[in-house]
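Before any comments, here is the structure.
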2 protein chains.
Amino acid sequence: MGRVRKGEREWLAAYDPRAFPPFAVTVDMVLLTVTEGRFSVLLVERDTHPFRGFIALPGGFVQPDEDLDAAAVRRLELETGVRRSAAYVEQLGAFGAPSRDPRMRVVSVAYLVFAPDLPAPRPGAGARSVAWVPVDTVQRDRLAFDHAHVLAAGVERARAKLEYTPLAAAFCDEELTVADLRRVYEAVWGVALDPRNFHRKVTGTPGFLDPVGRPAPVGPEGGRPAALYRRGRATQLHPAMLRPSR
Amino acid sequence: MGRVRKGEREWLAAYDPRAFPPFAVTVDMVLLTVTEGRFSVLLVERDTHPFRGFIALPGGFVQPDEDLDAAAVRRLELETGVRRSAAYVEQLGAFGAPSRDPRMRVVSVAYLVFAPDLPAPRPGAGARSVAWVPVDTVQRDRLAFDHAHVLAAGVERARAKLEYTPLAAAFCDEELTVADLRRVYEAVWGVALDPRNFHRKVTGTPGFLDPVGRPAPVGPEGGRPAALYRRGRATQLHPAMLRPSR
DNA sequence: CCCTGTTAGCGTCGAGCGGACGAGAAGGAG
DNA sequence: CTCCTTCTCGTCCGCTCGACGCTAACAGGG
């Protein structure tokens with residue numbers, strides 16, 4: 001709540017609640033990761049009304065003195081234990097159809113999070129269970145509220161973001177190989193990419209990846225060890241990494 | 001407000017208002033156009049508290065049973081007389097810092113609108129005056145609330161949208177010439193574009209412009225009459241129309 | 001040791017796109 | 001007519017990207 005300026009107190013006393021219809025404001029988190037080669041979203045099974053027994057995006061009410069972004073980060077740490085610095089967080093948009101919550105008028109501000117591969121978190125309050133679910137296997141008709149719509153928006157935003165930002169690295173550990181990054185693109189876009197052209201593109205884009213100068217341990221399938229990289233400082237890709245065949 | 005299901009009434013009766021902190025929800029409109037060759041935004045001068053005398057984006061409270069998008073469209077017609085079909089409207093995002101409104105906790109959902117060149121509208125309720133202001137001459141420290149932040153987000157979103165969508169045509173009349181479209185890009189991006197390469201690019205992208213088969217009247221500076229086009233059916237540009245020199 | 005299978009990384013070729021620019025087409029003013 | 005304007009088409013060249021060949025560097029089996 002903002003500070004009240006001198007001289008406005010009388011005016012505030014005349015505040016007419018009918019002119020300021022009350023809303024509840026929530027944050028809903030579209031938490032995305034790539035685990036076991038699948039592009040997945042964190043979903044909870046609700047244990048409270050409304051939509052008890054339905055699956056839903058994690059979320060909750062914004063506190064009276066809490067910034068929207070802060071509420072999202074708090075929820076993120078609550079649900080997954082991920083600190084903000086370890087993931088990428090951006091606002092997805094506001095969803096506020098009058099009928100989206102049967103209890104009362106709720107406007108939900110959705111947030112999109114790219115998280116590295118994490119162990120499945122333990123259920124929080126109000127949730128029966130919580131799990132990473134591959135986005136192409138989500139049962140949309142079992143999703144609570146308008147979360148099918150929110151999830152679809154988040155997935156599409158994520159797919160587009162990989163084209164013109166280096167954010168695919170946000171799905172990987174701090175030190176990563178070119179193949180790690182390629183597997184992120186392949187999982188999120190659902191396509192196979194040529195490893196050689198991908199390597200040329202990624203290593204040739206300044207600011208995308210910084211070499212560590214040390215090789216990664218050999219993977220389970222053998223083969224030549226890959227060089228390790230860290231995320232670079234670029235925030236945009238020029239030119240963009242375009243999805244094939246559109 | 002959603003319908004209450006059977007069996008939930010008792011539960012609703014136990015509703016604790018402290019668990020659902022009340023917020024006010026508003027829409028703020030970033031109305032953009034190109035007029036007299038300048039990329040401009042519609043701003044009002046406030047005549048009511050708070051921020052009386054400051055300039056602001058047009059906006060207002062969302063009604064209890066009103067969808068967010070519907071509130072934005074209502075505001076659009078109210079402020080400019082533009083019907084939804086004549087302009088492009090998309091949500092920009094939610095802005096909800098706790099201190100953004102000194103009266104109470106307000107979450108504002110900002111909308112971005114691309115409108116064709118319009119006569120300056122008449123002031124609405126609570127506004128002393130209303131005018132199209134070139135975005136590069138806006139006095140940011142005279143803007144109310146966090147509208148400098150909202151406006152900056154809207155302008156940047158608009159500049160990016162022109163790269164990968166055919167929405168530049170939303171700033172033009174229904175029938176337009178390639179030069180009309182080029183002047184939109186030049187005004188929004190603040191750069192000069194080569195008319196010949198622009199022509200090749202625009203006419204060579206399927207679905208961007210559909211030829212009408214009729215020439216436009218000769219402009220004030222003379223020259224060969226340009227062919228008229230209408231907006232095509234494409235929603236994305238492939239490949240994108242990239243800004244020069246980045 | 002050699003041979004094989006794996007992945008990593010480099011090189012090459014050709015199609016296509018975009019920036020720089022030339023030149024003709026089609027109008028008006030004088 | 002000349003001169004100016006803008007519109008439209010065409011050429012050249014460099015860059016990027018898709019397709020794909022080839023070598024480098026590991027592990028494991030014989």
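Starting from 1 in every chain, residues are counted up; chains themselves are A, B, ... following the order of the structure tokens, and ligands are numbered from 1 as listed.
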Legend entry - Long-range neighbours of Leu181 of chain A as a PyMOL selection string, 12 Å cut-off, only C-alpha atoms (C1' of nucleotides), 4 positions minimum in chain: chain A and resi 34+37+116+162+166-177+185-188+193+195+198-199+201-203+208-209+226+228-231
Using only C-alpha atoms, what table do you get, as CSV, when you list each residue of chain A with an atom no more than 7 Å from chain B, its nearest pair of atoms, and their distance in Å rounded to one decimal, rows by chain then rising number?
residue,atom,partner,partner_atom,distance
A:Met1,CA,B:Pro98,CA,4.8
A:Gly2,CA,B:Ser99,CA,3.7
A:Arg3,CA,B:Pro102,CA,5.4
A:Val4,CA,B:Pro102,CA,5.4
A:Leu12,CA,B:Arg103,CA,6.8
A:Phe20,CA,B:Ala24,CA,5.8
A:Pro21,CA,B:Pro64,CA,5.8
A:Pro22,CA,B:Pro22,CA,5.4
A:Phe23,CA,B:Phe23,CA,5.1
A:Ala24,CA,B:Pro22,CA,5.5
A:Val25,CA,B:Phe23,CA,6.7
A:Phe61,CA,B:Phe20,CA,6.9
A:Gln63,CA,B:Pro21,CA,6.7
A:Pro64,CA,B:Pro21,CA,5.8
A:Asp65,CA,B:Pro98,CA,5.6
A:Glu66,CA,B:Pro98,CA,6.3
A:Asp67,CA,B:Ala97,CA,4.9
A:Leu68,CA,B:Gly96,CA,5.9
A:Gly93,CA,B:Gly93,CA,4.9
A:Ala94,CA,B:Ala94,CA,5.9
A:Gly96,CA,B:Leu68,CA,5.8
A:Ala97,CA,B:Asp67,CA,4.9
A:Pro98,CA,B:Met1,CA,5.0
A:Ser99,CA,B:Gly2,CA,3.9
A:Arg100,CA,B:Gly2,CA,6.4
A:Asp101,CA,B:Gly2,CA,5.7
A:Pro102,CA,B:Gly2,CA,4.0
A:Arg103,CA,B:Gly2,CA,6.6
A:Met104,CA,B:Met1,CA,5.3
A:Arg105,CA,B:Met1,CA,4.9
A:Val109,CA,B:Ala94,CA,6.9
Export C-alpha atoms of the chosen residues as an mmCIF file, in the first residue's frame?
data_model
loop_
_atom_site.group_PDB
_atom_site.id
_atom_site.type_symbol
_atom_site.label_atom_id
_atom_site.label_comp_id
_atom_site.auth_asym_id
_atom_site.auth_seq_id
_atom_site.Cartn_x
_atom_site.Cartn_y
_atom_site.Cartn_z
ATOM 1 C CA MET A 1 0.000 0.000 0.000
ATOM 2 C CA GLY A 2 1.362 3.402 -0.930
ATOM 3 C CA ARG A 3 1.951 6.149 1.562
ATOM 4 C CA VAL A 4 -0.835 8.632 1.945
ATOM 5 C CA LEU A 12 -9.522 8.990 1.393
ATOM 6 C CA PHE A 20 -13.340 0.345 -6.292
ATOM 7 C CA PRO A 21 -14.761 -3.135 -6.726
ATOM 8 C CA PRO A 22 -12.694 -5.555 -4.610
ATOM 9 C CA PHE A 23 -10.699 -8.246 -6.362
ATOM 10 C CA ALA A 24 -8.455 -10.983 -5.085
ATOM 11 C CA VAL A 25 -5.078 -11.176 -6.798
ATOM 12 C CA PHE A 61 -2.659 -15.150 -3.053
ATOM 13 C CA GLN A 63 -0.034 -10.450 0.207
ATOM 14 C CA PRO A 64 -1.268 -6.894 0.839
ATOM 15 C CA ASP A 65 2.196 -5.321 0.904
ATOM 16 C CA GLU A 66 3.892 -7.660 -1.483
ATOM 17 C CA ASP A 67 5.079 -6.819 -4.984
ATOM 18 C CA LEU A 68 3.775 -9.141 -7.702
ATOM 19 C CA GLY A 93 0.427 -11.947 -18.148
ATOM 20 C CA ALA A 94 -2.781 -11.387 -16.238
ATOM 21 C CA GLY A 96 -8.992 -12.363 -15.107
ATOM 22 C CA ALA A 97 -12.118 -13.748 -16.709
ATOM 23 C CA PRO A 98 -14.981 -13.103 -14.274
ATOM 24 C CA SER A 99 -15.852 -16.800 -14.002
ATOM 25 C CA ARG A 100 -12.390 -18.239 -13.601
ATOM 26 C CA ASP A 101 -12.781 -18.817 -9.850
ATOM 27 C CA PRO A 102 -16.150 -19.882 -8.430
ATOM 28 C CA ARG A 103 -15.446 -18.290 -5.043
ATOM 29 C CA MET A 104 -15.005 -14.675 -5.977
ATOM 30 C CA ARG A 105 -13.570 -12.351 -8.530
ATOM 31 C CA VAL A 109 -0.914 -12.858 -12.630
#
Legend entry - Interface, chain C side, toward chain A (10 Å; only C-alpha atoms (C1' of nucleotides)) as a ChimeraX atom specification: /C:5-10
Could you work out which residues of chain D fall inside 6 Å of chain B? Count only C-alpha atoms (C1' of nucleotides), and format the result as a short mmCIF file (atom, residue, chain, number, x, y, z; two decimals) with C-alpha atoms (C1' of nucleotides), in the first residue's frame.
data_model
loop_
_atom_site.label_atom_id
_atom_site.label_comp_id
_atom_site.auth_asym_id
_atom_site.auth_seq_id
_atom_site.Cartn_x
_atom_site.Cartn_y
_atom_site.Cartn_z
"C1'" DT D 5 9.47 13.46 -57.46
"C1'" DT D 6 8.34 8.61 -55.95
"C1'" DC D 7 7.54 3.85 -57.27
#
Inset, instruction - Find the residues around Phe114 of chain A up to 7 Å (only C-alpha atoms (C1' of nucleotides) counted), leave out those fewer than 4 positions away in its own chain, and share them as a ChimeraX atom specification. - result: /A:31-33,87-89,170-171
Legend entry - Within 10 Å of DG18 of chain D using only C-alpha atoms (C1' of nucleotides), minus same-chain residues under 6 positions, as a ChimeraX atom specification: /A:194,197,244 /C:14-15
N, CA and C atoms (P, O5', C5', C4', C3', O3' and C1' of nucleotides) of the current selection, written as a PDB file, in the first residue's frame:
ATOM      1  N   ASP A 194      20.401 -30.772 -36.175  1.00  0.00           N
ATOM      2  CA  ASP A 194      21.695 -31.290 -36.617  1.00  0.00           C
ATOM      3  C   ASP A 194      22.762 -30.855 -35.619  1.00  0.00           C
ATOM      4  N   ASN A 197      25.504 -28.347 -37.172  1.00  0.00           N
ATOM      5  CA  ASN A 197      25.056 -26.972 -37.433  1.00  0.00           C
ATOM      6  C   ASN A 197      24.717 -26.253 -36.131  1.00  0.00           C
ATOM      7  N   PRO A 244      13.084 -24.968 -37.192  1.00  0.00           N
ATOM      8  CA  PRO A 244      13.113 -25.454 -38.580  1.00  0.00           C
ATOM      9  C   PRO A 244      11.721 -25.563 -39.188  1.00  0.00           C
TER      10      PRO A 244
ATOM     11  P    DG C  14      28.947 -26.220 -55.121  1.00  0.00           P
ATOM     12  O5'  DG C  14      27.449 -25.872 -54.746  1.00  0.00           O
ATOM     13  C5'  DG C  14      26.542 -26.912 -54.410  1.00  0.00           C
ATOM     14  C4'  DG C  14      25.264 -26.321 -53.858  1.00  0.00           C
ATOM     15  C3'  DG C  14      24.707 -25.127 -54.656  1.00  0.00           C
ATOM     16  O3'  DG C  14      23.288 -25.236 -54.716  1.00  0.00           O
ATOM     17  C1'  DG C  14      25.069 -24.481 -52.424  1.00  0.00           C
ATOM     18  P    DA C  15      22.475 -24.331 -55.756  1.00  0.00           P
ATOM     19  O5'  DA C  15      21.214 -23.856 -54.906  1.00  0.00           O
ATOM     20  C5'  DA C  15      20.591 -24.769 -54.003  1.00  0.00           C
ATOM     21  C4'  DA C  15      19.812 -23.999 -52.953  1.00  0.00           C
ATOM     22  C3'  DA C  15      19.031 -22.796 -53.497  1.00  0.00           C
ATOM     23  O3'  DA C  15      17.752 -22.747 -52.888  1.00  0.00           O
ATOM     24  C1'  DA C  15      20.559 -22.080 -51.819  1.00  0.00           C
TER      25       DA C  15
END
